[in-house]
Each structure stands twice: as structure tokens, then as C-alpha cells.
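Inspection log for the structure reproduced underneath, given as C-alpha cells.
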Amino acid sequence: MTIDGADGAARALLARMTLEEKLAQLVGFWEAQSTAAVAPMQDEMTPPPTFEEFTRHGLGHLTRVYGSTPVDPVTRARWLRDTQRALVTRTRLGIPAIVHEECLTGLAAWQAATFPTPLAWGASFDPELVEAMGAAIGQSMHALGVHQGLAPVLDVVRDARWGRVEECIAEDPYLVGTLGTCYVRGLQGAGVHATLKHFVGYSASRAGRNLAPVHAGPRELADVLLVPFEMAVLDGGARCVMHSYAEIDGLPVAADARLLTDLLRGRWGFDGTVVADYFGVAFLQTLHGIAADLGDAAAQALAAGVDVELPTGDAYTGPLLAKVRAGEVGEDLVDRAVLRVLRQKAELGLLGATFEAEPPGTIDLDPPGHRAIAAALAEESIVLLANDGVLPLAGVGGAGGVPRVAVIGPNADRAQALFGCYSFTNHVLDHYPDVPRGFAAPTVLEALRTELDGSEVTFSRGCAVDDDDRSGIAEAARTAREAAVAIVVVGDQAGLFGRGTVGEGCDRDDLELPGVQRELVEAVLATGTPVVLVLLTGRPYAVAWALERCAAVVQAFFPGEEGAGAIAGVLSGRVNPSGRLPVTLPRSVGAQPYSYLHPPLGGPTNVSNLATAPALPFGHGLSYTTFTHTDLLVEGAVEAGDSFVATVRVTNTGARAGVDVVQLYGHDVVASITRPTAQLLGFRRLALDPGESATVRFTVPTTRLAFSDRDLVRIVEPGEIELWVGPSCEARETEATLELNGEVHRVTVTDPRWTTTERVPA
């Protein structure tokens, strides 16, 4: 249905509705709310009444009907058809519900494919592949009758201690916006509405603590945290936005009309729906203390621009009804929200749907095509941090490779270690230990035994991920001593609210490897056997000591169901690593919060005794071949507000084919506001054969250099810009200078935001 058609159908329906029927469209129903906790404060919220009682006037959303407990997808699809048909036939207006699910690393449902976590997307620097993944996820959701996905997460990483870093894409807003927008395009192209979250500021919580206050200034908000959301709304056409739990300078986002209405709708022109993060409306009373009761919370959220209360109706039901009846909340605000929900339902084809057709008799949620995308993304996301030549293993010990390999560590033989917090495996199945995962996911140990079929592979766990039991470390050292190479696989276990070392509510007050894992690595190093350290984590850890002492270090950010094969392929040499760090690798926790996007005084200086220099910079990543970047040229003079063209020559100077991530950075030399010492302006993955060269052309809108001036107006200033290309944000391998001429340019939503790239034959 066209937008105009959807609006007409929605208005006609709205005119027929009673107040109770209107409010019913503004809430969800969570049948499984009383099951295992997967949302903050879930166990303290009052469960809704029976479905029949709750939905007698209709319903806006059905909450996580596949993603709350392990249910057979075919059986559940039939249940969902019958439930939707009941809403159509048993309510006066016959309006079906929107079905929403989590889908950050794939549809969060039993037996569904689980893709790499968003940090892995960032490490891939591959927008096209992320879009293909989004489309695959959307296809599975659409087949099950799901209409809305609660992804992508567009929070920009600000502090590695924060538990939800693994749900984020990167610490660079342009990289986040580019990949996140491509995910939106993929998902929505399959007929499922994407939900941008968490709008906004959530990742900037004080000390990296979940839900802690945010003290970001308006400039950081506009120039860093809002950028990905603007891209996904204006360039991706995202249909839904979820408010964040954050309070920014004392005002919770759920009650902030300047963000949810003035900016989102007034400036950006967003015309979709804004949904509450789970229990976020009630939190205005229970956590933030800015509402006297649930009715007051509902009034503030509705006025600010929150259209739908999720996961269920705590405040937008009886409490809001009483406020409207008492004349304390205008019914026009209710109508505004209901109209948006009805438009969305019309766009999705729900108005007039009868649900008479039988659901499919078989549903494959993990088909070969999805696994192929998962494998490709996992392979592209593996980052080789350090290598003294021990890798690839196929080249060690002669033509036959390594005769004996010791595989050690708590994450070597655990499939759960491959998945993030919002995977069904770690989000739900940890409450159901007797239920199988429902799809194949080899462990790193299993994958290595398959990959290194000419080597003897031994194993010792050594220790757990996060306890103080050292009893297995000595045995692990003995196992390492008897091998030619020791592969030590350490890292995280994703979980919720303290049930993991990373994930929602699993924040850290240090950035050492959890538990006694460092002691395990130190013991293996002490044997003298070359150590290949594999970091299977959801955040960057402070491992400068390992970079200096291990023969090689490999970073894998929760690479999903095909991740073990990707890791094994990189170690053997079957896969030439091409991942790059989407976040800085910290040297110490004392430097947090940290971003490579810092002004001069945010980096190393002689006015403080504390070093901020990272162990490895944003954009770093090694290969089994080598690349050079030369002849960076800028074409012509440019006015502030226009676009410029830069070209760079890239050559594969090594002995094997490989993929480089060509990274263009800039620095505004003199500006009216302090500017980052380096800023990513564009990037492109480039495959080259040995000895091959190619030229990459970047067409860069100067708005990539925009910032908020002293009056908080987004501008592009004339002046000198330093440009460079190199293997990370710090390495200036080839440089050029650009002069922006003319007058100050005030940025509008019609200005381009994306850098385009193309490969030009050398």
C-alpha cells in the first residue's frame, strides 16, 4: 500500500474507534512475560491478564512470540495464525497485531541461523554483505509472520567497559551509520520493518554502567551519537525507532520531545512509529523518578512522542485512560500515536488481512544460503592483530604443517562462546539447558580438528571463563609443552544481567581478561611453546602484554554459527584475514572512556602522567600479504558544502591474493571548535592478486567534515584539511592537502552524507 493509501485507511479507521480501542493499539502483549528474565526489571513488573481479557478492544503488538521460549517454529506459526485470526474475528474492528522479534544477530528464535555480532560487522567493513545478511534475516521473519525487528543497534561505542559494546558496530559514527543503514535496507527489503535503537545516548553512560546517567553535551550528541540514526532515517528509510533508557543531562529520552518529536520528526521528517524500550515508560516512575505514577509516566512519554508501549501495557492502558478521561491528557495526543500505528499496519498489509491461509508445513530457519552469508561475514571479520610468522599454520613445520597442535582455553570447546547476548542461544536457551541448540555450530576445537587433518590436535581447557579455579592450568601447560604450537582460545561468555562477562547488564570495572584466563596464557607462554592467542570476545580487552609476547594474536568478535570454521581457516591459511579493528584496542582501563575521534588533548600529551595511547588503533588489521598505498591525489578546488574527489593507488606487494580495507582519513587543521586528530571519511574493501595494483576513487561530501559550531549549528567551515590513507587511523602512508574555499556552509538534511567509492583499473 502507498503512503497516501495507508494514511487514508488509517484515518478512516481512527474515526470509528472508541478511546479504549485506540489505547489498545498503543500497547503490546507479552504472553511469556513471566518466564525467564530477558529484559531489565522484568520480574518486578506486573504480568498482564489473560490474552482474551487484555485484547478485548484490540491489540497493537504481539511481543516475541517466537523469541521468549524454545518453541517449534511450525507449531508456533499455526498458533500465531490462530491468534491473529482471533483478533480479526473477535474484536469489533478486526485489526491484527504487529508481531515483533529481536533480530540483531539473526532472528532470535529456536533453530534460526545465528550470524556474527555487530562488532564483527564493523570489523568486516563490508556494507554489501551486511545488507545481504539483513535480507536473509528478514526472509526468515517474514516466513513466520513477523512484521517488525528490534534491530539494528546504532549506539556508537564510547567505553569498552560497557556490557553492550558487543551489540554495537563500531566507535566511528560513519561506519556505524553505513553498516546499520545497509542492515535496514536488507531487512526492510524483505518486508520487515527495522527498529533503530537505542535512540539516543545509551552507549555514553557514565563509567560504562548499564542505564547509568549520560552527561554527553549537545555537540557530542549531534556530531557523534546522532549521526548513525540520521543516516538510517534519511538514507535507509527506517520505519521504526526505539527510545533509549538513557537520561541525558537529567532528562530521560522517553520524556524528551526535543529529541523524539522536534529532531526526529520535525528536522529529519521521520513518519514511522516510535516504540518504547521494554518497560521504558514505566521506568520514568520506577527508575528515573520524574513521574508520580504510571499515568504521569504515560502522559509524559506520549507527549514526548513515544507511540507504543512495549513489551506490554503497564502505563498506556488503565493509567493513561484515566488521565484522558480526567482531561489531563488530550485525546489528540492519543489520536496522533494511534494514527501512526495504523499507518504502519496499513503499510505492512495488516488492515484487511484475514489470516485464513494455512502456514507452511515446514520452515527452514537455517538454510544453506544463510549459512553461506554467516560464513562469509565471519571470515571477513576476523582481525589478525599480531603475527611473528607463526601463522598461517600450513606454512609451519614443512609442507605438512604443524605435527602436533595443542588447543587450550575455556572458549576452545564451547559453542556458546561464538554467540552474542542477543542470540537465542545465550539470550534464552541458557534457561533451558536440556533443550538442544537446534542448528549446527562446531566449536573452535572441532573446526581445527577438521581443518588441520594432517596434525595431531590435543586439548586442555585450563580454566573457566570467569571463576578463580586454577586447578586445570598445570595440565594445560603440560599439554602445550608437548606441542609445536599452542592455540589458546580465551575471552567472554555473553549473557544478561550478570549472567555473563559481556552483554546487557554485564559491565566491567577492568579490562583484563575475565577470571584467571591471563594466568592460563602466562603459564602456557612460560613453556616456551609458540602461542597463538585467539580472543573470542564481545569487547576489546587490554592485552598489550599478549601482543608483545605471543607469536600471534587473533581477534574474533562473536563470529556466529560459522565462526569456528572462519577462525580455523584463518589459522590454517585457507582464509587470508581481512578484518580491521572497528574499536580501539585499549592499553589500560584507565584510558576509558576513549575514542580515536579525540581532539589533540584527548591523545598523548606532556601535561599528564597518564598515557592514553592505545595498544592498537582503530582500523588496524594484518594480512598474510602486504599492501602499499601511494599517490593520494585530490582533484581540483572545492567549496565548503560541495564534494571532493580523492584517488589513491593500492598495490598488493606480497605473494598471495588478499583483500585490503582502504581507509581515507581527514583532519581539520584549524577550526572554530576543537576537531578530532583523525576522522574516517570513507573506506572500501579491495581484492588484489599478488603484484596487482588498482586505484580507488573516493567522492567525499564535505559534510563528512561537518560539526556543530559555537551556536550548535551544524556547519562546514572553509580551511585546510589534511588527508591520508594508511593501514589504520594512525598511519599516514600517503598524504595530501585539501583547501575548502568559500563561505561557511550550514548543513541541511538535503546535503549528502555518504562517501561513494569505486575501483579504477590501474
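Identifiers in this document derive from the order of the C-alpha cells: chains are assigned A, B, ..., residues are numbered from 1 separately in each chain, and ligands are numbered from 1 in order of occurrence.
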
Please identify all polymer residues within 10 Å of Gly201 of chain A, counting only C-alpha atoms, omitting same-chain residues fewer than 3 positions from it, and present them as number ranges by chain.
A: 154-156, 158, 197-198, 204-205, 213-216, 220-221, 224-226, 243-248, 253

Can you pull out every residue from segment 458-662 of chain A that DSSP, working from the backbone, puts in alpha helix (DSSP H), and format the result as a ChimeraX atom specification?
/A:473-481,517-525,544-549,563-572

Segment 244-276 of chain A near segment 323-338 of chain A within 12 Å: what's each residue's closest atom pair and its distance in Å to one decimal, counting only C-alpha atoms, ordered by chain then ascending residue number, as a tab-separated table?
```
residue	atom	partner	partner_atom	distance
A:Thr261	CA	A:Arg336	CA	11.8
A:Asp271	CA	A:Ala337	CA	11.0
A:Gly272	CA	A:Ala337	CA	10.1
A:Thr273	CA	A:Ala337	CA	7.9
A:Val274	CA	A:Ala337	CA	8.8
A:Val275	CA	A:Ala337	CA	10.2
```

List the spatial neighbours of Ala301 of chain A as a short mmCIF file (atom, residue, chain, number, x, y, z; two decimals) with all heavy atoms, in the first residue's frame - criterion: any atom at most 8 Å away, only C-alpha atoms, same-chain residues fewer than 2 positions off excluded.
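So the final result, stored in out18.cif, reads:
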```cif
data_model
loop_
_atom_site.label_atom_id
_atom_site.label_comp_id
_atom_site.auth_asym_id
_atom_site.auth_seq_id
_atom_site.Cartn_x
_atom_site.Cartn_y
_atom_site.Cartn_z
N ALA A 254 12.89 9.09 26.97
CA ALA A 254 11.47 8.74 26.80
C ALA A 254 10.54 9.90 27.10
O ALA A 254 9.36 9.85 26.74
CB ALA A 254 11.11 7.56 27.70
N ALA A 255 11.04 10.95 27.73
CA ALA A 255 10.22 12.12 28.03
C ALA A 255 10.73 13.37 27.34
O ALA A 255 10.33 14.49 27.70
CB ALA A 255 10.17 12.34 29.55
N ASP A 256 11.60 13.21 26.34
CA ASP A 256 12.26 14.35 25.72
C ASP A 256 11.67 14.62 24.34
O ASP A 256 12.04 14.00 23.34
CB ASP A 256 13.75 14.08 25.60
CG ASP A 256 14.55 15.34 25.23
OD1 ASP A 256 13.93 16.31 24.76
OD2 ASP A 256 15.78 15.33 25.41
N VAL A 281 8.60 3.19 29.55
CA VAL A 281 7.63 4.20 30.01
C VAL A 281 7.47 4.11 31.53
O VAL A 281 7.54 5.12 32.24
CB VAL A 281 6.28 4.02 29.30
CG1 VAL A 281 5.26 5.02 29.85
CG2 VAL A 281 6.44 4.21 27.79
N ALA A 297 3.66 8.95 34.00
CA ALA A 297 4.69 8.44 33.08
C ALA A 297 4.13 8.33 31.66
O ALA A 297 4.78 8.71 30.68
CB ALA A 297 5.19 7.08 33.56
N ALA A 298 2.92 7.80 31.54
CA ALA A 298 2.29 7.66 30.23
C ALA A 298 2.07 9.03 29.59
O ALA A 298 2.32 9.21 28.39
CB ALA A 298 0.96 6.92 30.36
N ALA A 299 1.62 9.98 30.36
CA ALA A 299 1.36 11.32 29.82
C ALA A 299 2.64 11.95 29.29
O ALA A 299 2.65 12.55 28.21
CB ALA A 299 0.74 12.19 30.91
N ALA A 303 3.33 12.53 25.23
CA ALA A 303 3.53 13.91 24.79
C ALA A 303 4.89 14.08 24.11
O ALA A 303 5.03 14.84 23.15
CB ALA A 303 3.41 14.87 25.97
N ALA A 304 5.90 13.35 24.62
CA ALA A 304 7.24 13.46 24.03
C ALA A 304 7.30 12.84 22.65
O ALA A 304 8.10 13.26 21.81
CB ALA A 304 8.25 12.79 24.95
N GLY A 305 6.46 11.82 22.40
CA GLY A 305 6.46 11.20 21.09
C GLY A 305 6.63 9.71 21.08
O GLY A 305 6.89 9.11 20.03
N VAL A 306 6.49 9.04 22.23
CA VAL A 306 6.53 7.58 22.27
C VAL A 306 5.14 7.06 21.89
O VAL A 306 4.17 7.28 22.62
CB VAL A 306 6.93 7.06 23.67
CG1 VAL A 306 6.92 5.53 23.68
CG2 VAL A 306 8.31 7.58 24.06
#
```

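Picture a line from atom CA of Leu187 of chain A to atom CA of Pro367 of chain A; it runs 17.0 Å.
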
With only C-alpha atoms as the counted atoms, please give the residues lying no more than 7 Å from segment 526-534 of chain A, apart from itself and same-chain residues fewer than 5 positions off, as an MDAnalysis selection string.
chainID A and resid 477 480:481 484:490 550:555

Write out the residues from the selection above, keeping C-alpha atoms, as a CSV table (one decimal), in the first residue's frame.
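Listed below is the output, part.csv:
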```csv
chain,number,residue,atom,x,y,z
A,477,ALA,CA,50.8,-26.2,30.4
A,480,ALA,CA,51.3,-27.1,25.5
A,481,ARG,CA,54.8,-28.2,26.3
A,484,ALA,CA,54.8,-27.5,18.4
A,485,VAL,CA,52.2,-24.7,18.7
A,486,ALA,CA,49.7,-23.8,21.3
A,487,ILE,CA,46.4,-22.2,20.2
A,488,VAL,CA,44.9,-20.6,23.4
A,489,VAL,CA,41.3,-19.6,22.9
A,490,VAL,CA,40.1,-17.2,25.6
A,550,CYS,CA,52.6,-14.2,21.9
A,551,ALA,CA,53.7,-15.4,18.5
A,552,ALA,CA,50.4,-14.3,17.1
A,553,VAL,CA,47.1,-12.8,18.3
A,554,VAL,CA,43.8,-13.1,16.5
A,555,GLN,CA,40.6,-11.2,17.4
```

Using only C-alpha atoms, determine which residues lie at most 10 Å from Ala731 of chain A, disregarding the query and same-chain residues fewer than 3 positions distant; provide the list as a PyMOL selection string.
chain A and resi 617+619-620+665+724-728+734

Please save all heavy atoms of the selected residues as a compact mmCIF listing (two decimals), in the first residue's frame.
```txt
# COMPACT_ATOMS: atom_id res chain seq x y z
N PRO A 617 45.44 0.74 17.17
CA PRO A 617 44.48 1.79 16.80
C PRO A 617 43.29 1.27 16.01
O PRO A 617 43.31 0.17 15.44
CB PRO A 617 45.33 2.72 15.94
CG PRO A 617 46.32 1.80 15.27
CD PRO A 617 46.63 0.74 16.31
N GLY A 619 41.02 0.62 13.00
CA GLY A 619 41.36 0.34 11.61
C GLY A 619 42.50 -0.63 11.41
O GLY A 619 42.75 -1.06 10.27
N HIS A 620 43.19 -1.02 12.49
CA HIS A 620 44.34 -1.92 12.36
C HIS A 620 43.89 -3.34 12.03
O HIS A 620 42.87 -3.83 12.50
CB HIS A 620 45.13 -1.93 13.67
CG HIS A 620 46.19 -3.00 13.73
ND1 HIS A 620 47.44 -2.83 13.18
CD2 HIS A 620 46.18 -4.25 14.27
CE1 HIS A 620 48.15 -3.93 13.39
NE2 HIS A 620 47.42 -4.79 14.04
N TYR A 665 41.25 9.03 5.71
CA TYR A 665 41.04 9.82 6.92
C TYR A 665 41.28 11.30 6.63
O TYR A 665 41.97 11.68 5.66
CB TYR A 665 42.01 9.38 8.03
CG TYR A 665 41.71 8.00 8.56
CD1 TYR A 665 42.34 6.88 8.03
CD2 TYR A 665 40.81 7.82 9.60
CE1 TYR A 665 42.06 5.61 8.52
CE2 TYR A 665 40.53 6.55 10.09
CZ TYR A 665 41.16 5.45 9.54
OH TYR A 665 40.88 4.20 10.03
N TRP A 724 44.77 11.57 4.46
CA TRP A 724 45.74 10.49 4.33
C TRP A 724 45.05 9.14 4.19
O TRP A 724 43.89 8.97 4.57
CB TRP A 724 46.73 10.47 5.50
CG TRP A 724 46.17 10.10 6.84
CD1 TRP A 724 46.16 8.87 7.42
CD2 TRP A 724 45.56 10.99 7.79
NE1 TRP A 724 45.59 8.92 8.68
CE2 TRP A 724 45.22 10.22 8.93
CE3 TRP A 724 45.29 12.36 7.79
CZ2 TRP A 724 44.60 10.78 10.04
CZ3 TRP A 724 44.67 12.91 8.90
CH2 TRP A 724 44.34 12.12 10.00
N VAL A 725 45.80 8.21 3.63
CA VAL A 725 45.38 6.81 3.55
C VAL A 725 46.48 5.98 4.19
O VAL A 725 47.67 6.23 3.98
CB VAL A 725 45.16 6.37 2.09
CG1 VAL A 725 44.93 4.86 2.00
CG2 VAL A 725 43.99 7.12 1.48
N GLY A 726 46.05 4.99 4.97
CA GLY A 726 47.02 4.12 5.61
C GLY A 726 46.33 2.92 6.21
O GLY A 726 45.10 2.78 6.12
N PRO A 727 47.09 2.02 6.84
CA PRO A 727 46.52 0.79 7.39
C PRO A 727 45.77 0.96 8.70
O PRO A 727 45.28 -0.03 9.26
CB PRO A 727 47.75 -0.09 7.57
CG PRO A 727 48.87 0.87 7.79
CD PRO A 727 48.55 2.06 6.94
N SER A 728 45.67 2.17 9.22
CA SER A 728 44.89 2.45 10.43
C SER A 728 44.72 3.96 10.51
O SER A 728 45.27 4.72 9.70
CB SER A 728 45.59 1.93 11.69
OG SER A 728 46.69 2.77 12.03
N THR A 734 50.27 7.70 2.82
CA THR A 734 50.32 8.66 1.72
C THR A 734 49.37 9.80 2.07
O THR A 734 48.27 9.57 2.57
CB THR A 734 49.95 8.01 0.37
OG1 THR A 734 49.98 9.01 -0.65
CG2 THR A 734 48.59 7.33 0.40
```

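Closest to Ala143 of chain A among A:Gly361, A:Pro614, A:Gly691, A:Gly742 is A:Gly361, based on only C-alpha atoms.
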
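Distances here use only C-alpha atoms; by that measure, the residue among A:Gln344, A:Thr91, A:Thr83, A:Thr628 closest to Val192 of chain A is A:Gln344.
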
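Considering the residues A:Asp307, A:Glu548, A:Asp660, A:Asp492 and counting only C-alpha atoms, Thr626 of chain A has its shortest atom-to-atom contact with A:Asp660.
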
Near Glu356 of chain A, within 12 Å and counting only C-alpha atoms, which residues show up once chain neighbours fewer than 4 positions away are dropped, as number ranges by chain?
A: 78, 80-86, 88-89, 352

How would the residues just picked look written out with C-alpha atoms as a tab-separated table (two decimals), in the first residue's frame?
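So the final result, stored in selection-v8.tsv, reads:
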```tsv
chain	number	residue	atom	x	y	z
A	78	ARG	CA	-0.03	-22.10	13.40
A	80	LEU	CA	0.17	-17.21	15.59
A	81	ARG	CA	-2.20	-17.58	12.64
A	82	ASP	CA	-4.98	-18.62	15.01
A	83	THR	CA	-4.18	-15.77	17.41
A	84	GLN	CA	-4.23	-13.17	14.65
A	85	ARG	CA	-7.48	-14.64	13.33
A	86	ALA	CA	-8.97	-14.30	16.80
A	88	VAL	CA	-9.73	-10.26	13.40
A	89	THR	CA	-12.92	-12.14	14.24
A	352	GLY	CA	-7.99	-6.12	5.98
```

Can you list, as JSON, numbers by chain, every protein, DNA or RNA residue that comes within 12 Å of Val176 of chain A when you count only C-alpha atoms, leaving out same-chain residues fewer than 2 positions away?
{"A": [118, 119, 120, 121, 122, 123, 124, 125, 126, 127, 130, 152, 153, 154, 155, 156, 157, 167, 168, 169, 170, 171, 172, 173, 174, 178, 179, 180, 181, 182, 183, 184, 196, 224, 225, 226, 227, 228, 229, 230, 231, 232, 582, 583, 680]}

Rounded to one decimal place, report the atom CA of Arg580 of chain A-atom CA of Thr756 of chain A distance in Å.
19.7 Å

Could you check how far atom CA of Arg587 of chain A sits from atom CA of Gly503 of chain A, in Å to one decimal?
21.6 Å
